[in-house]
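Accompanying notes for the structure given below.
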Amino acid sequence: MEGKRFGNLTVVKAADTTNTRWLCACDCGNSRIVHTDTLLSSDLLICGVHCTMYRRLYYTWNTMRLRCNSHNNRDYHKVGALGIKYHPDWDYFDKFAVWAKATGYVKGMCLIRLDEHADFTPDNCKWVTWSEMVSRTNKGRVHKPHTKSRKLTADDVRFIRRWPNDPDVEMAARFRVCVNTIRNIRNYKTWKGI
Ligand SMILES: [Zn+2]
């Protein structure tokens, strides 16, 4: 087993004397002890759900679930409240991740629905780059000058700080402000009282 690769894991050495558990090194740099059965049967082999190889994808998956399920989510009114659900298999991160890999997901890509009135399903979803996503979202307002950025509210600022894992550039596009505005908010250089 030593040296063999399973997904993102490489077996380093046996973790017990019966050779049923193995110390494995993950591509992200962490390690994990894995049972032989798991190595041979699992589709997604990483060190754990917070593996940096998948952290971004995990965030995407979790956001999709929150938009469908959580009344507290900012987008709930246009997703879950409208009855939009996700495919039952996608309740499991590993199944979602396997689908993502098979459909050309590369770190940083965004999940979109082809028909925005339909559910999150393998048939209705695809991966696009962030710039593709922004140009889709901005359709119909492309003629507006770029210099006109939105005025932020205190609620916006709280939202920007509440999701520190959202890349600055994504937040900037979402609120239609420049990246430095987001950075300054997150570093408390501006909006200090919030
Ligand atoms: Zn890892």
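Following the order of the structure tokens, chains are lettered A, B, ..., residues in each are numbered from 1, and ligands are numbered from 1.
Note that DSSP on the backbone gives strand (DSSP E or B) to these residues of range 3-167 of chain A: Arg5, Phe6, Leu9, Thr10, Val11, Val12, Lys13, Ala14, Arg21, Trp22, Leu23, Cys24, Ala25, Cys26, Ser31, Arg32, Ile33, Val34, His35, Tyr86, Cys110, Leu111, Ile112, Arg113, Phe120, Cys125, Lys126, Trp127 and Val128 of chain A.
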Using only C-alpha atoms and all ligand atoms, which residues have at least one atom no more than 6 Å from ligand 1? Output them as a PDB file with C-alpha atoms, in the first residue's frame.
ATOM      1  CA  CYS A  26      -3.205  14.747   1.364  1.00  0.00           C
ATOM      2  CA  ASP A  27      -2.213  16.892  -1.624  1.00  0.00           C
ATOM      3  CA  CYS A  28      -3.044  19.944   0.476  1.00  0.00           C
ATOM      4  CA  ASN A  30      -2.382  17.701   5.804  1.00  0.00           C
ATOM      5  CA  ILE A  46      -9.232  14.190   0.853  1.00  0.00           C
ATOM      6  CA  CYS A  47      -8.074  14.872   4.421  1.00  0.00           C
ATOM      7  CA  CYS A  51      -9.240  20.353   3.105  1.00  0.00           C
ATOM      8  CA  THR A  52      -7.793  23.388   1.361  1.00  0.00           C
ATOM      9  CA  MET A  53      -8.022  21.499  -1.940  1.00  0.00           C
TER      10      MET A  53
END
### Message
Using only C-alpha atoms, which protein or nucleic acid residues come within 8 Å of range 34-40 of chain A? Drop anything in the same chain fewer than 3 positions from it, and give the result as an MDAnalysis selection string.
### Response
chainID A and resid 6 20:24 45
Selection to disk with C-alpha atoms, as a compact mmCIF listing (two decimals), in the first residue's frame:
# COMPACT_ATOMS: atom_id res chain seq x y z
CA PHE A 6 -6.18 7.21 -3.84
CA THR A 20 -6.32 -1.93 8.22
CA ARG A 21 -5.66 1.75 8.81
CA TRP A 22 -3.17 3.88 6.94
CA LEU A 23 -1.51 7.19 7.51
CA CYS A 24 -2.09 9.14 4.32
CA LEU A 45 -10.46 11.12 -0.93
### Query
So which one's closest to Trp99 in chain A, A:Gly29, A:Gly3, A:Pro122, A:Gly193? Using only C-alpha atoms, please.
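Closest candidate: A:Pro122.
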### Task
Using only C-alpha atoms, determine which residues lie at most 8 Å from range 94-98 of chain A, disregarding the query and same-chain residues fewer than 4 positions distant; provide the list as a PyMOL selection string.
chain A and resi 43-44+57+61+89-90+102
Would you save the residues from that selection as a short mmCIF file (atom, residue, chain, number, x, y, z; two decimals), in the first residue's frame, using N, CA and C atoms?
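Final output, saved to selection-v5.cif:
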data_model
loop_
_atom_site.label_atom_id
_atom_site.label_comp_id
_atom_site.auth_asym_id
_atom_site.auth_seq_id
_atom_site.Cartn_x
_atom_site.Cartn_y
_atom_site.Cartn_z
N ASP A 43 -15.41 7.83 -3.20
CA ASP A 43 -15.18 8.56 -4.44
C ASP A 43 -14.32 9.80 -4.23
N LEU A 44 -14.40 10.33 -3.01
CA LEU A 44 -13.71 11.59 -2.75
C LEU A 44 -12.72 11.39 -1.62
N LEU A 57 -14.76 24.89 -2.87
CA LEU A 57 -15.92 24.13 -3.37
C LEU A 57 -16.91 23.86 -2.24
N TRP A 61 -20.82 24.81 -2.14
CA TRP A 61 -21.85 23.81 -1.81
C TRP A 61 -22.71 24.29 -0.63
N ASP A 89 -29.20 14.07 -3.86
CA ASP A 89 -27.81 13.58 -3.75
C ASP A 89 -26.87 14.68 -3.25
N TRP A 90 -27.21 15.91 -3.55
CA TRP A 90 -26.32 17.02 -3.22
C TRP A 90 -26.43 17.46 -1.77
N ALA A 102 -16.24 15.94 -12.27
CA ALA A 102 -16.59 15.32 -13.55
C ALA A 102 -17.08 16.36 -14.56
#
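Distance-wise, CA of Tyr58 in chain A and CA of His77 in chain A end up 22.4 Å apart.
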As a PDB file with N, CA and C atoms, in the first residue's frame, please: all residues of range 54-178 of chain A that backbone DSSP puts in alpha helix (DSSP H).
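Wrote it out as out-v3.pdb, contents follow:
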ATOM      1  N   ARG A  55     -11.757  23.633  -0.052  1.00  0.00           N
ATOM      2  CA  ARG A  55     -12.411  24.603   0.809  1.00  0.00           C
ATOM      3  C   ARG A  55     -13.348  25.519   0.020  1.00  0.00           C
ATOM      4  N   ARG A  56     -12.866  25.954  -1.136  1.00  0.00           N
ATOM      5  CA  ARG A  56     -13.649  26.852  -1.976  1.00  0.00           C
ATOM      6  C   ARG A  56     -14.932  26.147  -2.468  1.00  0.00           C
ATOM      7  N   LEU A  57     -14.764  24.892  -2.874  1.00  0.00           N
ATOM      8  CA  LEU A  57     -15.917  24.131  -3.365  1.00  0.00           C
ATOM      9  C   LEU A  57     -16.906  23.859  -2.236  1.00  0.00           C
ATOM     10  N   TYR A  58     -16.365  23.610  -1.071  1.00  0.00           N
ATOM     11  CA  TYR A  58     -17.206  23.369   0.100  1.00  0.00           C
ATOM     12  C   TYR A  58     -18.046  24.611   0.393  1.00  0.00           C
ATOM     13  N   TYR A  59     -17.431  25.752   0.255  1.00  0.00           N
ATOM     14  CA  TYR A  59     -18.127  27.012   0.485  1.00  0.00           C
ATOM     15  C   TYR A  59     -19.261  27.186  -0.537  1.00  0.00           C
ATOM     16  N   THR A  60     -18.965  26.866  -1.796  1.00  0.00           N
ATOM     17  CA  THR A  60     -19.984  26.950  -2.860  1.00  0.00           C
ATOM     18  C   THR A  60     -21.157  26.033  -2.544  1.00  0.00           C
ATOM     19  N   TRP A  61     -20.820  24.808  -2.137  1.00  0.00           N
ATOM     20  CA  TRP A  61     -21.849  23.813  -1.806  1.00  0.00           C
ATOM     21  C   TRP A  61     -22.706  24.287  -0.634  1.00  0.00           C
ATOM     22  N   ASN A  62     -22.046  24.784   0.382  1.00  0.00           N
ATOM     23  CA  ASN A  62     -22.757  25.229   1.572  1.00  0.00           C
ATOM     24  C   ASN A  62     -23.643  26.440   1.260  1.00  0.00           C
ATOM     25  N   THR A  63     -23.149  27.331   0.417  1.00  0.00           N
ATOM     26  CA  THR A  63     -23.932  28.506   0.037  1.00  0.00           C
ATOM     27  C   THR A  63     -25.192  28.080  -0.708  1.00  0.00           C
ATOM     28  N   MET A  64     -25.035  27.111  -1.608  1.00  0.00           N
ATOM     29  CA  MET A  64     -26.193  26.609  -2.347  1.00  0.00           C
ATOM     30  C   MET A  64     -27.248  26.091  -1.371  1.00  0.00           C
ATOM     31  N   ARG A  65     -26.808  25.315  -0.364  1.00  0.00           N
ATOM     32  CA  ARG A  65     -27.753  24.753   0.599  1.00  0.00           C
ATOM     33  C   ARG A  65     -28.423  25.844   1.431  1.00  0.00           C
ATOM     34  N   LEU A  66     -27.625  26.823   1.851  1.00  0.00           N
ATOM     35  CA  LEU A  66     -28.196  27.896   2.669  1.00  0.00           C
ATOM     36  C   LEU A  66     -29.199  28.729   1.884  1.00  0.00           C
ATOM     37  N   ARG A  67     -28.896  28.972   0.614  1.00  0.00           N
ATOM     38  CA  ARG A  67     -29.812  29.771  -0.210  1.00  0.00           C
ATOM     39  C   ARG A  67     -31.155  29.057  -0.360  1.00  0.00           C
ATOM     40  N   CYS A  68     -31.114  27.730  -0.353  1.00  0.00           N
ATOM     41  CA  CYS A  68     -32.351  26.947  -0.481  1.00  0.00           C
ATOM     42  C   CYS A  68     -33.049  26.759   0.865  1.00  0.00           C
ATOM     43  N   ASN A  69     -32.276  26.626   1.929  1.00  0.00           N
ATOM     44  CA  ASN A  69     -32.854  26.165   3.200  1.00  0.00           C
ATOM     45  C   ASN A  69     -32.948  27.202   4.304  1.00  0.00           C
ATOM     46  N   PHE A  93     -21.774  16.399   0.595  1.00  0.00           N
ATOM     47  CA  PHE A  93     -20.706  17.142  -0.070  1.00  0.00           C
ATOM     48  C   PHE A  93     -19.892  16.262  -1.008  1.00  0.00           C
ATOM     49  N   ASP A  94     -19.604  15.014  -0.604  1.00  0.00           N
ATOM     50  CA  ASP A  94     -18.733  14.207  -1.473  1.00  0.00           C
ATOM     51  C   ASP A  94     -19.393  13.922  -2.818  1.00  0.00           C
ATOM     52  N   LYS A  95     -20.716  13.726  -2.821  1.00  0.00           N
ATOM     53  CA  LYS A  95     -21.395  13.482  -4.097  1.00  0.00           C
ATOM     54  C   LYS A  95     -21.369  14.731  -4.977  1.00  0.00           C
ATOM     55  N   PHE A  96     -21.569  15.878  -4.331  1.00  0.00           N
ATOM     56  CA  PHE A  96     -21.507  17.135  -5.070  1.00  0.00           C
ATOM     57  C   PHE A  96     -20.103  17.342  -5.642  1.00  0.00           C
ATOM     58  N   ALA A  97     -19.090  17.040  -4.845  1.00  0.00           N
ATOM     59  CA  ALA A  97     -17.701  17.246  -5.278  1.00  0.00           C
ATOM     60  C   ALA A  97     -17.325  16.319  -6.424  1.00  0.00           C
ATOM     61  N   VAL A  98     -17.825  15.097  -6.386  1.00  0.00           N
ATOM     62  CA  VAL A  98     -17.542  14.153  -7.477  1.00  0.00           C
ATOM     63  C   VAL A  98     -18.167  14.682  -8.768  1.00  0.00           C
ATOM     64  N   TRP A  99     -19.401  15.164  -8.660  1.00  0.00           N
ATOM     65  CA  TRP A  99     -20.058  15.760  -9.833  1.00  0.00           C
ATOM     66  C   TRP A  99     -19.261  16.973 -10.338  1.00  0.00           C
ATOM     67  N   ALA A 100     -18.799  17.791  -9.403  1.00  0.00           N
ATOM     68  CA  ALA A 100     -18.048  18.999  -9.781  1.00  0.00           C
ATOM     69  C   ALA A 100     -16.791  18.640 -10.567  1.00  0.00           C
ATOM     70  N   LYS A 101     -16.072  17.646 -10.076  1.00  0.00           N
ATOM     71  CA  LYS A 101     -14.844  17.232 -10.761  1.00  0.00           C
ATOM     72  C   LYS A 101     -15.143  16.718 -12.154  1.00  0.00           C
ATOM     73  N   ALA A 102     -16.242  15.944 -12.265  1.00  0.00           N
ATOM     74  CA  ALA A 102     -16.593  15.325 -13.548  1.00  0.00           C
ATOM     75  C   ALA A 102     -17.083  16.360 -14.561  1.00  0.00           C
ATOM     76  N   TRP A 130     -15.490  33.334 -12.914  1.00  0.00           N
ATOM     77  CA  TRP A 130     -16.088  34.464 -12.219  1.00  0.00           C
ATOM     78  C   TRP A 130     -16.443  35.585 -13.192  1.00  0.00           C
ATOM     79  N   SER A 131     -15.562  35.869 -14.187  1.00  0.00           N
ATOM     80  CA  SER A 131     -15.846  36.978 -15.106  1.00  0.00           C
ATOM     81  C   SER A 131     -17.066  36.670 -15.968  1.00  0.00           C
ATOM     82  N   GLU A 132     -17.230  35.396 -16.325  1.00  0.00           N
ATOM     83  CA  GLU A 132     -18.409  34.996 -17.095  1.00  0.00           C
ATOM     84  C   GLU A 132     -19.681  35.235 -16.261  1.00  0.00           C
ATOM     85  N   MET A 133     -19.561  34.900 -14.983  1.00  0.00           N
ATOM     86  CA  MET A 133     -20.665  35.063 -14.049  1.00  0.00           C
ATOM     87  C   MET A 133     -21.056  36.534 -13.918  1.00  0.00           C
ATOM     88  N   VAL A 134     -20.035  37.383 -13.786  1.00  0.00           N
ATOM     89  CA  VAL A 134     -20.301  38.813 -13.636  1.00  0.00           C
ATOM     90  C   VAL A 134     -20.964  39.362 -14.894  1.00  0.00           C
ATOM     91  N   SER A 135     -20.483  38.940 -16.070  1.00  0.00           N
ATOM     92  CA  SER A 135     -21.067  39.481 -17.293  1.00  0.00           C
ATOM     93  C   SER A 135     -22.505  38.992 -17.471  1.00  0.00           C
ATOM     94  N   ARG A 136     -22.812  37.790 -17.001  1.00  0.00           N
ATOM     95  CA  ARG A 136     -24.200  37.318 -17.026  1.00  0.00           C
ATOM     96  C   ARG A 136     -25.075  38.162 -16.113  1.00  0.00           C
ATOM     97  N   THR A 137     -24.565  38.386 -14.893  1.00  0.00           N
ATOM     98  CA  THR A 137     -25.336  39.137 -13.898  1.00  0.00           C
ATOM     99  C   THR A 137     -25.558  40.572 -14.343  1.00  0.00           C
ATOM    100  N   ALA A 154     -24.754  50.293   5.920  1.00  0.00           N
ATOM    101  CA  ALA A 154     -24.165  49.600   7.072  1.00  0.00           C
ATOM    102  C   ALA A 154     -24.463  48.098   6.999  1.00  0.00           C
ATOM    103  N   ASP A 155     -25.634  47.734   6.494  1.00  0.00           N
ATOM    104  CA  ASP A 155     -25.970  46.314   6.349  1.00  0.00           C
ATOM    105  C   ASP A 155     -25.038  45.627   5.359  1.00  0.00           C
ATOM    106  N   ASP A 156     -24.739  46.328   4.270  1.00  0.00           N
ATOM    107  CA  ASP A 156     -23.807  45.771   3.282  1.00  0.00           C
ATOM    108  C   ASP A 156     -22.456  45.498   3.937  1.00  0.00           C
ATOM    109  N   VAL A 157     -22.008  46.467   4.732  1.00  0.00           N
ATOM    110  CA  VAL A 157     -20.699  46.351   5.385  1.00  0.00           C
ATOM    111  C   VAL A 157     -20.676  45.151   6.332  1.00  0.00           C
ATOM    112  N   ARG A 158     -21.746  44.988   7.082  1.00  0.00           N
ATOM    113  CA  ARG A 158     -21.824  43.837   7.988  1.00  0.00           C
ATOM    114  C   ARG A 158     -21.783  42.545   7.193  1.00  0.00           C
ATOM    115  N   PHE A 159     -22.495  42.514   6.073  1.00  0.00           N
ATOM    116  CA  PHE A 159     -22.512  41.328   5.216  1.00  0.00           C
ATOM    117  C   PHE A 159     -21.102  41.022   4.684  1.00  0.00           C
ATOM    118  N   ILE A 160     -20.417  42.046   4.243  1.00  0.00           N
ATOM    119  CA  ILE A 160     -19.069  41.870   3.676  1.00  0.00           C
ATOM    120  C   ILE A 160     -18.121  41.281   4.717  1.00  0.00           C
ATOM    121  N   ARG A 161     -18.283  41.708   5.962  1.00  0.00           N
ATOM    122  CA  ARG A 161     -17.402  41.186   7.025  1.00  0.00           C
ATOM    123  C   ARG A 161     -17.848  39.826   7.534  1.00  0.00           C
ATOM    124  N   ARG A 162     -19.124  39.531   7.368  1.00  0.00           N
ATOM    125  CA  ARG A 162     -19.638  38.257   7.889  1.00  0.00           C
ATOM    126  C   ARG A 162     -19.136  37.070   7.053  1.00  0.00           C
ATOM    127  N   ASP A 168     -12.256  38.889  -2.126  1.00  0.00           N
ATOM    128  CA  ASP A 168     -12.518  40.330  -2.259  1.00  0.00           C
ATOM    129  C   ASP A 168     -13.143  40.658  -3.611  1.00  0.00           C
ATOM    130  N   VAL A 169     -12.618  40.019  -4.644  1.00  0.00           N
ATOM    131  CA  VAL A 169     -13.060  40.349  -6.000  1.00  0.00           C
ATOM    132  C   VAL A 169     -14.527  39.966  -6.215  1.00  0.00           C
ATOM    133  N   GLU A 170     -14.945  38.873  -5.563  1.00  0.00           N
ATOM    134  CA  GLU A 170     -16.337  38.448  -5.704  1.00  0.00           C
ATOM    135  C   GLU A 170     -17.273  39.414  -4.981  1.00  0.00           C
ATOM    136  N   MET A 171     -16.850  39.812  -3.776  1.00  0.00           N
ATOM    137  CA  MET A 171     -17.650  40.764  -3.022  1.00  0.00           C
ATOM    138  C   MET A 171     -17.757  42.079  -3.783  1.00  0.00           C
ATOM    139  N   ALA A 172     -16.637  42.483  -4.380  1.00  0.00           N
ATOM    140  CA  ALA A 172     -16.616  43.748  -5.121  1.00  0.00           C
ATOM    141  C   ALA A 172     -17.611  43.698  -6.277  1.00  0.00           C
ATOM    142  N   ALA A 173     -17.626  42.574  -6.971  1.00  0.00           N
ATOM    143  CA  ALA A 173     -18.545  42.444  -8.109  1.00  0.00           C
ATOM    144  C   ALA A 173     -19.989  42.417  -7.624  1.00  0.00           C
ATOM    145  N   ARG A 174     -20.188  41.733  -6.516  1.00  0.00           N
ATOM    146  CA  ARG A 174     -21.536  41.604  -5.981  1.00  0.00           C
ATOM    147  C   ARG A 174     -22.131  42.958  -5.609  1.00  0.00           C
ATOM    148  N   PHE A 175     -21.284  43.804  -4.987  1.00  0.00           N
ATOM    149  CA  PHE A 175     -21.783  45.113  -4.560  1.00  0.00           C
ATOM    150  C   PHE A 175     -21.462  46.220  -5.561  1.00  0.00           C
TER     151      PHE A 175
END
### Task
May I have the residues within 9 Å of Asp119 in chain A as a ChimeraX atom specification, using only C-alpha atoms and disregarding those fewer than 3 positions away in the same chain?
/A:79,83-87,113,115-116,124-125
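When CA of Thr121 in chain A is paired with CA of Tyr105 in chain A, their separation reads 15.2 Å.
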### Task
Figure out the distance between CA of Pro164 in chain A and CA of Val177 in chain A, please, to one decimal in Å.
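About the pair CA of Val177 in chain A and CA of Pro164 in chain A: they are 16.6 Å apart.
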